[in-house]
Amino acid sequence: MPDERGTIAPLAVTAVLLLFAVLAFSVDQGIACAAKVRQENAVDAARDACFDASFALMAKNADDPGLAVAHRVAETLRADGFFGAVTVWFFEVPKGELPDSRRVWGIAVQLQEQVPTVFARGFGIESLPVASKRVVVAEPFAGSVVWRPDGSGGEVFELATDADSTALLRGRFDRLDDGPAELDREVRAAVAAAGGLAERKEP
C-alpha cells in the first residue's frame, strides 16, 4: 500500500489553519458585537440626556439649539467612555412649514469606531468597523407663537476619534433629504402629524 503520509499531512495542516481562522474570526466578531452593545447603550444615554427636562428647557430657548444639542450628546458620550467618532445632525423645521404654536426638531446621532482584533490580526485584519445610529424627533413645548428659522436647512456636527467633547466641527446641509434618510422620514412624519405642510393639500 502506498505511503499516504505525504498527502495527509498537508491536508491536516490546511484543516487546522482553517479551523483556527474560523475560531479567530468568531472571537473577534464577539468582541465587535460587545462593542456594538456598548455603543447602543451610549447613544441611548445621549438621547435620554437631550430629553432631560432642565436641558430641554435651556435648549429650546437657546439662540443656537443645534450646537447645544450636539454639545450635550458629545459630553454624554465622552463621560460614558465612548471615544470613537461622533456625528450629530440637527434639523429645525422652518416656520413656514408649521402652525405658529408648533416646533419640530429632528436629531440623528451616529457613532463609529474601529475595534482592535485579537486573532484576526494574524491574517492582516487589525480592526473591525462598528457603527450605531439613533434618530429622534422632538417637539419642544410652546403655548403660543414660537421662534423658528426663516429658511430650511440643517447642521451637522462632527467629533473626531479621541477628540475632546468641545472640539466639534460644524457644517450645514441645505435640504432635509441631504441628511440621513431616517432623519428625513421621521421629520416629515412629525410635520404631517403637527398639521404642517406635509399634509396640506394644494387649493
# chains A, B, ... in the order shown; residues from 1 in each chain; ligands from 1
call {"tool": "residues_around", "arguments": {"residues": "Arg121 of chain A", "least_positions_apart": "4", "cutoff": "10 Å", "atoms": "only C-alpha atoms", "output": "NGL selection string"}}
result
:A and (24-25 or 28 or 116-117 or 125-127)
call {"tool": "write_last_selection", "arguments": {"atoms": "N, CA and C atoms", "output": "PDB file, in the first residue's frame"}}
result
ATOM      1  N   ALA A  24     -10.816  32.195  15.233  1.00  0.00           N
ATOM      2  CA  ALA A  24     -10.275  33.541  15.431  1.00  0.00           C
ATOM      3  C   ALA A  24     -11.300  34.599  15.060  1.00  0.00           C
ATOM      4  N   PHE A  25     -11.918  34.438  13.892  1.00  0.00           N
ATOM      5  CA  PHE A  25     -12.902  35.425  13.460  1.00  0.00           C
ATOM      6  C   PHE A  25     -14.144  35.388  14.348  1.00  0.00           C
ATOM      7  N   ASP A  28     -13.208  37.442  17.440  1.00  0.00           N
ATOM      8  CA  ASP A  28     -13.152  38.870  17.131  1.00  0.00           C
ATOM      9  C   ASP A  28     -14.533  39.431  16.806  1.00  0.00           C
ATOM     10  N   PRO A 116     -10.167  47.021  17.791  1.00  0.00           N
ATOM     11  CA  PRO A 116      -8.978  46.187  17.534  1.00  0.00           C
ATOM     12  C   PRO A 116      -9.309  44.699  17.621  1.00  0.00           C
ATOM     13  N   THR A 117      -8.724  43.936  16.739  1.00  0.00           N
ATOM     14  CA  THR A 117      -8.916  42.489  16.761  1.00  0.00           C
ATOM     15  C   THR A 117      -7.850  41.834  17.642  1.00  0.00           C
ATOM     16  N   ILE A 125      -5.862  41.568   9.509  1.00  0.00           N
ATOM     17  CA  ILE A 125      -7.013  42.417   9.835  1.00  0.00           C
ATOM     18  C   ILE A 125      -6.791  42.999  11.226  1.00  0.00           C
ATOM     19  N   GLU A 126      -6.421  44.259  11.278  1.00  0.00           N
ATOM     20  CA  GLU A 126      -6.058  44.889  12.546  1.00  0.00           C
ATOM     21  C   GLU A 126      -7.267  45.318  13.372  1.00  0.00           C
ATOM     22  N   SER A 127      -8.377  45.645  12.701  1.00  0.00           N
ATOM     23  CA  SER A 127      -9.553  46.131  13.426  1.00  0.00           C
ATOM     24  C   SER A 127     -10.809  45.888  12.602  1.00  0.00           C
TER      25      SER A 127
END
call {"tool": "residues_around", "arguments": {"residues": "segment 167-181 of chain A", "least_positions_apart": "6", "cutoff": "7 Å", "atoms": "only C-alpha atoms", "output": "list in words"}}
result
Ser152, Gly153, Gly154, Glu155, Val156, Phe157, Glu158 and Leu159 of chain A
call {"tool": "write_last_selection", "arguments": {"atoms": "C-alpha atoms", "output": "tab-separated table (two decimals), in the first residue's frame"}}
result
chain	number	residue	atom	x	y	z
A	152	SER	CA	-34.77	75.49	5.53
A	153	GLY	CA	-31.52	73.73	6.21
A	154	GLY	CA	-29.84	71.84	8.98
A	155	GLU	CA	-26.49	71.47	10.67
A	156	VAL	CA	-24.08	68.61	11.09
A	157	PHE	CA	-21.53	68.41	13.90
A	158	GLU	CA	-18.58	66.03	13.81
A	159	LEU	CA	-16.35	64.92	16.65
call {"tool": "closest_atom_pairs", "arguments": {"of": "segment 111-187 of chain A", "to": "segment 75-78 of chain A", "cutoff": "9 Å", "atoms": "only C-alpha atoms", "output": "Markdown table"}}
result
| residue | atom | partner | partner_atom | distance |
| --- | --- | --- | --- | --- |
| A:Asp162 | CA | A:Arg78 | CA | 8.9 |
| A:Asp164 | CA | A:Arg78 | CA | 7.8 |
| A:Ser165 | CA | A:Glu75 | CA | 5.3 |
| A:Thr166 | CA | A:Glu75 | CA | 7.9 |
call {"tool": "residues_around", "arguments": {"residues": "segment 105-112 of chain A", "least_positions_apart": "3", "cutoff": "8 Å", "atoms": "only C-alpha atoms", "output": "number ranges by chain"}}
result
A: 39, 43, 84-93, 129-140, 180, 183, 186-187
call {"tool": "atom_distance", "arguments": {"atom1": "atom CA of Gly195 of chain A", "atom2": "atom CA of Val104 of chain A"}}
result
11.4 Å
call {"tool": "closest_residue", "arguments": {"among": "A:Thr161, A:Ser26, A:Arg102, A:Asp64", "to": "Ala190 of chain A", "atoms": "only C-alpha atoms"}}
result
A:Arg102
call {"tool": "decode", "arguments": {"residues": "segment 36-100 of chain A", "atoms": "C-alpha atoms", "output": "mmCIF file, in the first residue's frame"}}
result
data_model
loop_
_atom_site.group_PDB
_atom_site.id
_atom_site.type_symbol
_atom_site.label_atom_id
_atom_site.label_comp_id
_atom_site.auth_asym_id
_atom_site.auth_seq_id
_atom_site.Cartn_x
_atom_site.Cartn_y
_atom_site.Cartn_z
ATOM 1 C CA LYS A 36 -21.868 47.371 19.369
ATOM 2 C CA VAL A 37 -23.830 46.815 22.580
ATOM 3 C CA ARG A 38 -21.708 49.431 24.369
ATOM 4 C CA GLN A 39 -22.341 51.861 21.516
ATOM 5 C CA GLU A 40 -26.080 51.265 21.641
ATOM 6 C CA ASN A 41 -26.126 51.896 25.394
ATOM 7 C CA ALA A 42 -24.021 55.042 24.999
ATOM 8 C CA VAL A 43 -26.164 56.525 22.238
ATOM 9 C CA ASP A 44 -29.319 55.749 24.234
ATOM 10 C CA ALA A 45 -27.826 57.582 27.218
ATOM 11 C CA ALA A 46 -27.028 60.569 24.990
ATOM 12 C CA ARG A 47 -30.584 60.588 23.670
ATOM 13 C CA ASP A 48 -32.006 60.483 27.200
ATOM 14 C CA ALA A 49 -29.706 63.335 28.256
ATOM 15 C CA CYS A 50 -31.129 65.505 25.473
ATOM 16 C CA PHE A 51 -34.646 64.896 26.787
ATOM 17 C CA ASP A 52 -33.776 65.798 30.365
ATOM 18 C CA ALA A 53 -36.298 68.463 31.420
ATOM 19 C CA SER A 54 -33.782 71.096 32.532
ATOM 20 C CA PHE A 55 -31.653 70.699 29.410
ATOM 21 C CA ALA A 56 -34.674 70.714 27.093
ATOM 22 C CA LEU A 57 -35.854 73.986 28.650
ATOM 23 C CA MET A 58 -32.447 75.550 28.106
ATOM 24 C CA ALA A 59 -32.075 74.228 24.556
ATOM 25 C CA LYS A 60 -35.464 75.375 23.295
ATOM 26 C CA ASN A 61 -34.713 78.923 24.477
ATOM 27 C CA ALA A 62 -31.130 78.931 23.215
ATOM 28 C CA ASP A 63 -30.026 81.094 20.299
ATOM 29 C CA ASP A 64 -28.209 78.061 18.898
ATOM 30 C CA PRO A 65 -30.185 74.926 19.836
ATOM 31 C CA GLY A 66 -28.331 72.709 17.363
ATOM 32 C CA LEU A 67 -24.983 73.434 18.979
ATOM 33 C CA ALA A 68 -26.485 72.956 22.445
ATOM 34 C CA VAL A 69 -27.802 69.517 21.469
ATOM 35 C CA ALA A 70 -24.538 68.495 19.801
ATOM 36 C CA HIS A 71 -22.523 69.531 22.863
ATOM 37 C CA ARG A 72 -24.876 67.620 25.144
ATOM 38 C CA VAL A 73 -24.523 64.484 23.025
ATOM 39 C CA ALA A 74 -20.728 64.768 22.844
ATOM 40 C CA GLU A 75 -20.332 65.402 26.575
ATOM 41 C CA THR A 76 -22.575 62.474 27.496
ATOM 42 C CA LEU A 77 -20.795 60.061 25.171
ATOM 43 C CA ARG A 78 -17.329 61.024 26.375
ATOM 44 C CA ALA A 79 -18.466 60.814 30.007
ATOM 45 C CA ASP A 80 -19.781 57.308 29.294
ATOM 46 C CA GLY A 81 -16.396 56.256 27.934
ATOM 47 C CA PHE A 82 -17.109 56.300 24.202
ATOM 48 C CA PHE A 83 -14.107 57.837 22.432
ATOM 49 C CA GLY A 84 -14.868 56.949 18.829
ATOM 50 C CA ALA A 85 -16.100 59.313 16.117
ATOM 51 C CA VAL A 86 -19.459 61.033 16.581
ATOM 52 C CA THR A 87 -21.707 62.739 14.032
ATOM 53 C CA VAL A 88 -24.795 64.719 15.044
ATOM 54 C CA TRP A 89 -27.329 66.023 12.530
ATOM 55 C CA PHE A 90 -29.785 68.690 13.713
ATOM 56 C CA PHE A 91 -32.710 69.997 11.686
ATOM 57 C CA GLU A 92 -35.299 72.524 12.822
ATOM 58 C CA VAL A 93 -38.385 72.769 10.640
ATOM 59 C CA PRO A 94 -38.755 76.327 9.246
ATOM 60 C CA LYS A 95 -41.624 78.485 10.447
ATOM 61 C CA GLY A 96 -43.388 78.468 7.085
ATOM 62 C CA GLU A 97 -43.998 74.731 7.339
ATOM 63 C CA LEU A 98 -45.713 74.521 10.749
ATOM 64 C CA PRO A 99 -48.570 76.149 12.663
ATOM 65 C CA ASP A 100 -47.429 79.115 14.765
#
